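Participant: coords.txt is the file, holding compact mmCIF, C-alpha atoms and all ligand atoms:
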# COMPACT_ATOMS: atom_id res chain seq x y z
CA MET A 244 -2.74 -13.13 -3.47
CA GLU A 245 -3.38 -16.40 -5.29
CA THR A 246 -3.24 -14.70 -8.68
CA VAL A 247 0.16 -13.31 -7.71
CA THR A 248 1.60 -16.63 -6.63
CA GLN A 249 0.13 -18.36 -9.71
CA LEU A 250 1.79 -15.89 -12.05
CA ILE A 251 5.22 -16.59 -10.63
CA ALA A 252 4.64 -20.18 -9.47
CA ASP A 253 7.76 -21.48 -11.25
CA ASP A 254 9.95 -18.72 -9.87
CA LEU A 255 8.58 -19.33 -6.38
CA ALA A 256 9.35 -23.05 -6.56
CA ARG A 257 12.87 -22.26 -7.76
CA LEU A 258 13.24 -19.73 -4.97
CA GLU A 259 12.71 -22.45 -2.35
CA SER A 260 15.25 -24.82 -3.91
CA THR A 261 17.73 -21.96 -4.37
CA ILE A 262 17.33 -20.97 -0.72
CA GLN A 263 18.25 -24.53 0.26
CA LYS A 264 21.11 -24.69 -2.24
CA LEU A 265 22.66 -21.42 -1.12
CA ILE A 266 22.78 -22.07 2.63
CA THR A 267 26.11 -23.79 2.39
CA THR A 268 27.93 -24.46 5.63
CA LYS A 269 29.74 -27.39 7.15
CA ILE A 270 28.12 -26.65 10.48
CA GLY A 271 24.89 -28.64 10.85
CA PHE A 272 23.79 -26.55 13.82
CA ILE A 273 23.59 -23.44 11.61
CA LYS A 274 21.43 -25.27 9.07
CA GLU A 275 19.13 -26.50 11.82
CA ILE A 276 18.40 -22.98 13.04
CA VAL A 277 18.20 -21.44 9.56
CA ASN A 278 15.80 -24.15 8.40
CA HIS A 279 13.67 -23.72 11.49
CA ILE A 280 12.97 -20.09 10.70
CA ILE A 281 13.19 -20.12 6.91
CA ARG A 282 10.82 -23.08 6.46
CA SER A 283 8.34 -21.76 8.99
CA GLY A 284 6.02 -20.28 6.38
CA GLY A 285 7.15 -16.72 5.85
CA LYS A 286 5.23 -14.74 3.27
CA ARG A 287 8.29 -14.21 1.02
CA VAL A 288 7.09 -10.67 0.32
CA ARG A 289 10.55 -9.22 -0.38
CA PRO A 290 11.60 -12.03 -2.78
CA ILE A 291 8.22 -11.73 -4.55
CA LEU A 292 8.87 -8.01 -5.00
CA ILE A 293 12.24 -8.66 -6.66
CA MET A 294 10.75 -11.30 -8.94
CA LEU A 295 7.68 -9.30 -9.97
CA THR A 296 9.52 -6.01 -10.51
CA ALA A 297 12.29 -7.71 -12.52
CA ARG A 298 9.68 -9.31 -14.79
CA LEU A 299 7.68 -6.07 -14.94
CA CYS A 300 10.84 -4.41 -16.25
CA GLY A 301 11.19 -7.04 -18.96
CA TYR A 302 14.03 -8.99 -17.36
CA LYS A 303 14.44 -12.31 -19.12
CA GLY A 304 17.42 -13.75 -17.21
CA GLU A 305 17.68 -15.93 -14.10
CA LYS A 306 19.57 -13.81 -11.60
CA HIS A 307 16.42 -12.54 -9.92
CA ILE A 308 16.11 -15.93 -8.20
CA PRO A 309 19.43 -15.85 -6.27
CA TYR A 310 18.82 -12.19 -5.42
CA ALA A 311 15.35 -13.11 -4.14
CA ALA A 312 16.91 -15.83 -1.98
CA ILE A 313 19.56 -13.38 -0.72
CA ILE A 314 16.99 -10.77 0.30
CA GLU A 315 15.10 -13.45 2.24
CA PHE A 316 18.38 -14.35 4.00
CA ILE A 317 18.91 -10.73 4.98
CA HIS A 318 15.33 -10.46 6.20
CA THR A 319 15.73 -13.71 8.15
CA ALA A 320 18.95 -12.44 9.74
CA THR A 321 17.15 -9.32 10.94
CA LEU A 322 14.30 -11.42 12.37
CA LEU A 323 16.73 -13.58 14.33
CA HIS A 324 18.27 -10.44 15.78
CA ASP A 325 14.97 -8.64 16.24
CA ASP A 326 13.41 -11.51 18.20
CA VAL A 327 16.32 -11.36 20.64
CA VAL A 328 15.96 -7.58 20.99
CA ASP A 329 12.18 -7.88 21.44
CA ASN A 330 12.30 -10.94 23.71
CA ALA A 331 9.85 -12.54 21.32
CA GLN A 332 8.61 -16.04 22.09
CA THR A 333 6.70 -16.91 18.96
CA ARG A 334 6.91 -16.09 15.28
CA ARG A 335 5.03 -17.65 12.36
CA GLY A 336 3.18 -19.86 14.79
CA SER A 337 6.32 -21.53 16.18
CA SER A 338 8.70 -20.88 19.03
CA THR A 339 11.40 -18.37 18.11
CA ALA A 340 15.02 -19.48 17.71
CA ASN A 341 15.93 -17.53 20.86
CA THR A 342 13.34 -19.52 22.80
CA LEU A 343 14.50 -22.86 21.40
CA TRP A 344 18.28 -22.36 21.30
CA GLY A 345 18.93 -19.17 23.28
CA ASN A 346 20.03 -15.64 22.44
CA GLU A 347 23.65 -16.37 21.57
CA PRO A 348 22.96 -18.89 18.77
CA SER A 349 20.22 -16.61 17.39
CA VAL A 350 22.50 -13.59 17.15
CA LEU A 351 25.38 -15.59 15.71
CA VAL A 352 23.31 -17.46 13.13
CA GLY A 353 21.85 -14.07 12.18
CA ASP A 354 25.42 -12.87 11.66
CA PHE A 355 26.13 -15.93 9.54
CA LEU A 356 23.11 -15.33 7.29
CA PHE A 357 23.94 -11.68 6.97
CA SER A 358 27.55 -12.40 5.99
CA LYS A 359 26.51 -15.19 3.65
CA SER A 360 24.19 -12.77 1.85
CA PHE A 361 27.03 -10.39 1.09
CA GLU A 362 29.35 -13.23 0.10
CA LEU A 363 26.73 -14.42 -2.40
CA MET A 364 26.20 -10.90 -3.73
CA ALA A 365 29.93 -10.46 -4.19
CA HIS A 366 29.91 -13.62 -6.35
CA ASN A 367 27.07 -12.28 -8.48
CA GLY A 368 29.17 -9.28 -9.31
CA ASN A 369 26.63 -6.48 -9.75
CA GLU A 370 28.14 -3.47 -8.04
CA GLU A 371 25.01 -1.34 -8.19
CA ILE A 372 22.87 -4.00 -6.57
CA MET A 373 25.57 -4.46 -3.94
CA ARG A 374 25.43 -0.73 -3.16
CA ILE A 375 21.62 -0.64 -2.95
CA MET A 376 21.52 -3.67 -0.66
CA SER A 377 24.35 -2.42 1.58
CA GLU A 378 22.65 0.95 2.01
CA ALA A 379 19.37 -0.76 2.84
CA THR A 380 20.89 -3.02 5.49
CA THR A 381 22.65 -0.05 7.07
CA SER A 382 19.24 1.63 7.26
CA LEU A 383 17.72 -1.48 8.85
CA ALA A 384 20.25 -1.34 11.63
CA GLU A 385 19.79 2.43 12.03
CA GLY A 386 16.02 2.01 12.21
CA GLU A 387 16.27 -0.66 14.85
CA ILE A 388 18.66 1.52 16.89
CA LEU A 389 16.43 4.59 16.54
CA GLU A 390 13.56 2.46 17.78
CA LEU A 391 15.63 1.30 20.73
CA LEU A 392 16.42 4.93 21.63
CA LYS A 393 12.71 5.76 21.61
CA THR A 394 11.71 2.80 23.78
CA CYS A 395 9.21 3.78 26.50
CA ASP A 396 9.18 7.40 25.30
CA ILE A 397 5.54 8.51 25.25
CA ASP A 398 6.61 11.82 23.70
CA THR A 399 7.72 10.04 20.52
CA THR A 400 6.39 12.11 17.61
CA GLU A 401 4.76 10.90 14.43
CA GLU A 402 7.79 12.15 12.48
CA GLU A 403 10.15 10.12 14.67
CA TYR A 404 7.95 7.06 14.27
CA PHE A 405 7.84 7.43 10.48
CA GLU A 406 11.63 7.82 10.42
CA ILE A 407 11.97 4.57 12.38
CA ILE A 408 9.70 2.50 10.13
CA LYS A 409 11.17 4.02 6.97
CA ASN A 410 14.56 2.72 8.05
CA LYS A 411 13.68 -0.56 9.69
CA THR A 412 11.16 -1.80 7.10
CA ALA A 413 10.57 0.41 4.05
CA SER A 414 14.26 0.57 3.13
CA LEU A 415 14.44 -3.16 2.34
CA PHE A 416 11.13 -3.14 0.41
CA SER A 417 12.42 -0.19 -1.59
CA ALA A 418 15.75 -1.94 -2.26
CA ALA A 419 13.92 -5.09 -3.41
CA CYS A 420 12.00 -3.13 -6.04
CA GLU A 421 15.07 -1.21 -7.14
CA VAL A 422 16.97 -4.47 -7.63
CA GLY A 423 14.19 -5.59 -9.99
CA ALA A 424 14.54 -2.31 -11.88
CA ILE A 425 18.32 -2.67 -12.13
CA LEU A 426 18.04 -6.25 -13.43
CA GLY A 427 15.51 -5.09 -16.03
CA ARG A 428 17.78 -2.16 -17.02
CA VAL A 429 14.94 0.35 -17.14
CA ASN A 430 15.47 4.12 -17.30
CA GLN A 431 15.96 6.31 -14.21
CA THR A 432 12.32 7.46 -14.15
CA LYS A 433 11.01 3.90 -13.96
CA ARG A 434 13.71 2.93 -11.52
CA ALA A 435 12.78 5.82 -9.20
CA ALA A 436 9.09 4.90 -9.56
CA LEU A 437 9.82 1.35 -8.39
CA ARG A 438 12.06 2.58 -5.59
CA ASP A 439 9.17 4.78 -4.37
CA PHE A 440 6.67 1.97 -4.89
CA GLY A 441 8.73 -0.24 -2.58
CA TYR A 442 9.07 2.53 -0.04
CA ASN A 443 5.31 3.18 0.05
CA LEU A 444 4.55 -0.52 0.27
CA GLY A 445 7.07 -1.00 3.08
CA MET A 446 5.63 1.89 5.08
CA ALA A 447 2.15 0.39 4.66
CA PHE A 448 3.44 -3.05 5.64
CA GLN A 449 4.87 -1.82 8.94
CA LEU A 450 1.82 0.32 9.72
CA THR A 451 -0.35 -2.77 9.30
CA ASP A 452 2.05 -4.71 11.50
CA ASP A 453 1.66 -2.10 14.21
CA VAL A 454 -2.14 -2.12 13.97
CA LEU A 455 -2.28 -5.92 14.11
CA ASP A 456 -0.19 -5.86 17.27
CA TYR A 457 -3.23 -4.25 18.94
CA THR A 458 -6.15 -5.73 17.02
CA SER A 459 -5.29 -9.32 16.14
CA TYR A 460 -5.08 -12.60 18.05
CA ASP A 461 -2.04 -14.76 18.80
CA ALA A 462 -3.39 -17.74 16.86
CA VAL A 463 -4.12 -15.66 13.75
CA LEU A 464 -0.95 -13.61 13.84
CA GLY A 465 1.42 -16.46 14.68
CA LYS A 466 3.12 -14.16 17.19
CA ARG A 467 2.00 -12.57 20.44
CA VAL A 468 -0.25 -9.56 20.17
CA GLY A 469 0.53 -6.77 22.60
CA THR A 470 4.28 -7.22 22.20
CA ASP A 471 4.82 -3.57 21.26
CA LEU A 472 3.16 -2.31 24.44
CA LYS A 473 5.02 -4.86 26.55
CA GLU A 474 8.37 -3.97 24.99
CA GLY A 475 7.76 -0.24 25.31
CA LYS A 476 7.39 0.41 21.58
CA VAL A 477 5.40 3.54 20.97
CA THR A 478 3.73 2.97 17.58
CA LEU A 479 1.29 5.09 15.58
CA PRO A 480 -2.01 3.84 17.07
CA LEU A 481 -0.68 4.80 20.51
CA ILE A 482 1.06 8.00 19.38
CA HIS A 483 -2.21 9.23 17.90
CA ALA A 484 -4.15 8.39 21.06
CA LEU A 485 -1.53 10.05 23.26
CA VAL A 486 -1.87 13.35 21.39
CA SER A 487 -5.52 13.69 22.47
CA SER A 488 -5.35 11.78 25.77
CA ALA A 489 -6.25 13.40 29.08
CA GLU A 490 -3.38 13.83 31.58
CA LYS A 491 -4.65 10.88 33.64
CA GLU A 492 -4.74 8.58 30.61
CA LYS A 493 -1.27 9.69 29.57
CA ASP A 494 0.08 8.92 33.04
CA TYR A 495 -1.54 5.52 32.95
CA ILE A 496 -0.07 4.69 29.51
CA ASN A 497 3.32 5.89 30.73
CA THR A 498 3.16 3.51 33.69
CA VAL A 499 2.10 0.56 31.54
CA ILE A 500 4.68 1.16 28.82
CA ASN A 501 7.47 1.32 31.40
CA ASN A 502 6.33 -1.91 32.99
CA THR A 503 7.67 -5.17 31.56
CA LYS A 504 4.74 -7.05 33.10
CA VAL A 505 1.79 -5.82 31.09
CA THR A 506 -1.32 -7.67 32.24
CA ALA A 507 -4.24 -8.64 30.00
CA ARG A 508 -6.28 -5.97 31.82
CA ASP A 509 -3.68 -3.29 31.05
CA PHE A 510 -3.69 -4.30 27.40
CA VAL A 511 -7.48 -4.06 27.24
CA ARG A 512 -7.47 -0.68 29.02
CA VAL A 513 -4.82 0.80 26.73
CA GLY A 514 -6.76 -0.66 23.79
CA LYS A 515 -9.85 1.19 24.99
CA ILE A 516 -7.96 4.49 25.15
CA ILE A 517 -6.64 3.89 21.64
CA LYS A 518 -10.18 3.15 20.49
CA LYS A 519 -11.57 6.25 22.20
CA TYR A 520 -9.23 8.50 20.21
CA GLY A 521 -9.42 6.54 16.93
CA GLY A 522 -5.77 5.42 16.92
CA VAL A 523 -6.43 2.33 14.80
CA GLU A 524 -8.60 4.15 12.23
CA TYR A 525 -5.99 6.90 12.00
CA THR A 526 -3.23 4.37 11.36
CA THR A 527 -5.31 2.40 8.86
CA ASN A 528 -6.02 5.63 7.06
CA ALA A 529 -2.30 6.41 6.86
CA THR A 530 -1.75 2.88 5.53
CA ARG A 531 -4.37 3.43 2.84
CA GLN A 532 -2.63 6.62 1.75
CA PHE A 533 0.70 4.83 1.34
CA ILE A 534 -1.01 2.09 -0.69
CA GLU A 535 -2.68 4.68 -2.92
CA LYS A 536 0.68 6.37 -3.49
CA ALA A 537 2.25 2.99 -4.28
CA LYS A 538 -0.39 2.33 -6.93
CA LEU A 539 0.24 5.75 -8.46
CA ASN A 540 3.94 4.85 -8.71
CA LEU A 541 2.95 1.96 -10.97
CA GLN A 542 1.51 4.39 -13.53
CA ALA A 543 5.01 4.69 -14.97
CA PHE A 544 4.49 1.21 -16.47
CA LYS A 545 2.27 0.00 -19.27
CA PRO A 546 -0.41 -2.60 -18.46
CA SER A 547 0.82 -6.15 -17.86
CA ALA A 548 0.08 -9.15 -15.67
CA TYR A 549 3.10 -8.18 -13.52
CA LYS A 550 1.82 -4.66 -13.01
CA GLU A 551 -1.56 -6.04 -12.02
CA SER A 552 0.06 -8.44 -9.58
CA LEU A 553 2.02 -5.65 -7.93
CA ALA A 554 -1.23 -3.72 -7.46
CA THR A 555 -2.84 -6.86 -6.01
CA LEU A 556 0.10 -7.24 -3.65
CA ALA A 557 -0.43 -3.64 -2.52
CA ASP A 558 -4.09 -4.37 -1.73
CA TYR A 559 -3.11 -7.53 0.08
CA ILE A 560 -0.72 -5.56 2.31
CA LEU A 561 -3.50 -3.13 3.20
CA GLY A 562 -5.89 -5.90 4.19
CA ARG A 563 -3.50 -8.51 5.51
CA GLU A 564 -4.29 -10.36 8.71
CA THR A 565 -0.95 -12.08 9.25
C1 LIG B 1 10.82 -6.34 12.79
O1 LIG B 1 10.11 -5.32 13.38
C2 LIG B 1 12.25 -5.93 12.53
C3 LIG B 1 12.72 -5.29 11.45
C4 LIG B 1 11.81 -4.94 10.34
C5 LIG B 1 14.15 -4.89 11.28
C6 LIG B 1 15.15 -5.58 12.15
C7 LIG B 1 16.54 -5.05 11.99
C8 LIG B 1 17.60 -5.40 12.79
C9 LIG B 1 17.46 -6.38 13.88
C10 LIG B 1 18.93 -4.76 12.62
C11 LIG B 1 19.73 -5.15 11.45
C12 LIG B 1 20.25 -6.53 11.46
C13 LIG B 1 21.01 -7.00 10.43
C14 LIG B 1 21.46 -8.42 10.43
C15 LIG B 1 21.40 -6.13 9.31
P1 LIG B 1 9.01 -5.56 14.48
O2 LIG B 1 9.64 -5.97 15.76
O3 LIG B 1 8.14 -4.37 14.50
O4 LIG B 1 8.17 -6.74 13.84
P2 LIG B 1 7.76 -8.14 14.48
O5 LIG B 1 6.49 -7.87 15.19
O6 LIG B 1 7.54 -9.06 13.30
O7 LIG B 1 8.85 -8.60 15.36
MG MG B 2 9.95 -7.72 16.73
Once you've parsed the file, please lay out its structure as C-alpha cells.
Ligand code: FPP
Ligand code: MG
Facilitator:
Amino acid sequence: METVTQLIADDLARLESTIQKLITTKIGFIKEIVNHIIRSGGKRVRPILIMLTARLCGYKGEKHIPYAAIIEFIHTATLLHDDVVDNAQTRRGSSTANTLWGNEPSVLVGDFLFSKSFELMAHNGNEEIMRIMSEATTSLAEGEILELLKTCDIDTTEEEYFEIIKNKTASLFSAACEVGAILGRVNQTKRAALRDFGYNLGMAFQLTDDVLDYTSYDAVLGKRVGTDLKEGKVTLPLIHALVSSAEKEKDYINTVINNTKVTARDFVRVGKIIKKYGGVEYTTNATRQFIEKAKLNLQAFKPSAYKESLATLADYILGRET
C-alpha cells in the first residue's frame, strides 16, 4: 500500500485539509463528533479510488479532491448510522460515537454529513456525478435494509447475501471509480470497466470484512470480532457452513444467532463448525475471484503508475488485516 500512498501523497494531504475545510457548521457539537470519527484513522479507500481512477483516466484538474472528501463524508455518515443499527461499541480502535454520545446524536450527525455531501455536490455542478452518487447512496440504504430483513435467518441464501453486500458496500466502491472515469472524460467502454472494477473490489472488500469478523482479534481489527454472529448477521462463512451442517449443528447455530448474548464459548463452537465445513476458505476463494475479475477490468487501460497502484490496492484488499 505504501507505493499507492506515495504516488498520490500530495492529493492525500490535500484530501485531509479539504475534509476539514468542507465540514462547515456553526454547531461545534457536530464538528466534535465528525472529527472524532473522521480523524480516527480510516483507510480512505473510497477517496483513494476516486483519486487514482481520475488520474488513470488522464484527469488534470482539481475537482477529484472535493469529490474524494464528499465520498468519505457519505461513508462516514453510513458508519455513524450502521454503528447504531449494529450496537457497535468500537470502531478504528476507539469507542463509537453512539457509545460516547448516544444513538440520537449519532443518527443526526450522520444525517448532517449525508445532507452536507449533497449540498457540496450541488455546488460542484456535475449532474452525472450527482446521479451516480445518489443512486449509490440509495443502494446503500437498500442493502442495509435487506440485511436487516435477513437478520437471524439461517436460511439466507448465497444469492441473497451477495445482493446485500452488492448494495451496502460494492455500490459505493463502484460509484467512486465511475466518478474518476467521468472526471477523466473517458469513453463508455473504459467507464464501464472502472464501474465493474469498483464493484468487484467492493464485493471483495466486504467478503474480507466478513471473514475478519470470525478470524481476527479485537486489537488488530479495531472493532469487536464476532459482532456479526452476535447481531444475527448471516454472512458467507456461516452460510457455506450451514449448507453442509448436520441438523444438530444447524439447530445450535440457530439458537446462538437468535441470542443477543453470545458467549466466548459459543463463538468458538460456531467457529469450529465453520472450520469443519471450510466456510472461511470458501469465502476467501470467492474474494480471490472478485479480485481477479477486478484486475481483468484494468486491462482496458494502458500501463501506468496509476494502473499499477489500482492493482496493488486490489491485492491489499485481498490480504488486508484491518
Ligand atoms: C458497514 O457494514 C455498513 C455499510 C457498508 C453500509 C451502511 C449503510 C447505511 C447505514 C444506510 C445508508 C445511510 C446513509 C446515510 C445513506 P458492516 O456492519 O458489515 O461493517 P462494520 O463491521 O465495519 O460495521
Ligand atoms: Mg456494522
Participant: Using all atoms listed in the file, determine which residues lie at most 12 Å from region 428-435 of chain A, disregarding the query and same-chain residues fewer than 5 positions distant; provide the list as a list in words.
Facilitator: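 Contacts, with the query itself left out: Thr296, Ala297, Arg298, Leu299, Cys300, Gly301, Tyr302, Lys303, Gly304, Glu371, Ile372, Ser417, Ala418, Ala419, Cys420, Glu421, Val422, Gly423, Phe440, Gly441, Tyr442, Ala537, Asn540, Leu541, Gln542, Ala543, Phe544 and Lys545 of chain A.
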Participant: Please identify the residues whose atoms come within 9 Å of ligand MG 2 (chain B), using all atoms listed in the file, and report them as JSON, numbers by chain.
Facilitator: {"A": [322, 324, 325, 326, 327, 328, 329, 330, 331, 470, 471]}
Participant: Just want the residues within 6 Å of ligand LIG 1 (chain B), written as a VMD selection string, counting only C-alpha atoms and all ligand atoms.
Facilitator: chain A and resid 320 to 322 324 to 325 353 357 380 383 to 384 387 411 to 412
Participant: Go ahead and compute the interatomic distance for CA of Asp453 (chain A) and CA of Leu479 (chain A), in Å to one decimal.
Facilitator: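 Separating CA of Asp453 (chain A) from CA of Leu479 (chain A) is a distance of 7.3 Å.
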Participant: Contacts between region 455-463 of chain A and region 511-565 of chain A, please, where a residue of region 511-565 of chain A counts if it comes within 10 Å (with all atoms listed in the file); show its shortest atom pair and distance in Å to one decimal, rows by chain and ascending number, as a tab-separated table.
Facilitator:
residue	atom	partner	partner_atom	distance
A:Val511	CA	A:Tyr457	CA	9.3
A:Val513	CA	A:Tyr457	CA	9.4
A:Gly514	CA	A:Tyr457	CA	7.0
A:Ile517	CA	A:Tyr457	CA	9.2
A:Val523	CA	A:Thr458	CA	8.4
A:Arg563	CA	A:Leu455	CA	9.1
A:Glu564	CA	A:Leu455	CA	7.3
A:Thr565	CA	A:Val463	CA	6.6
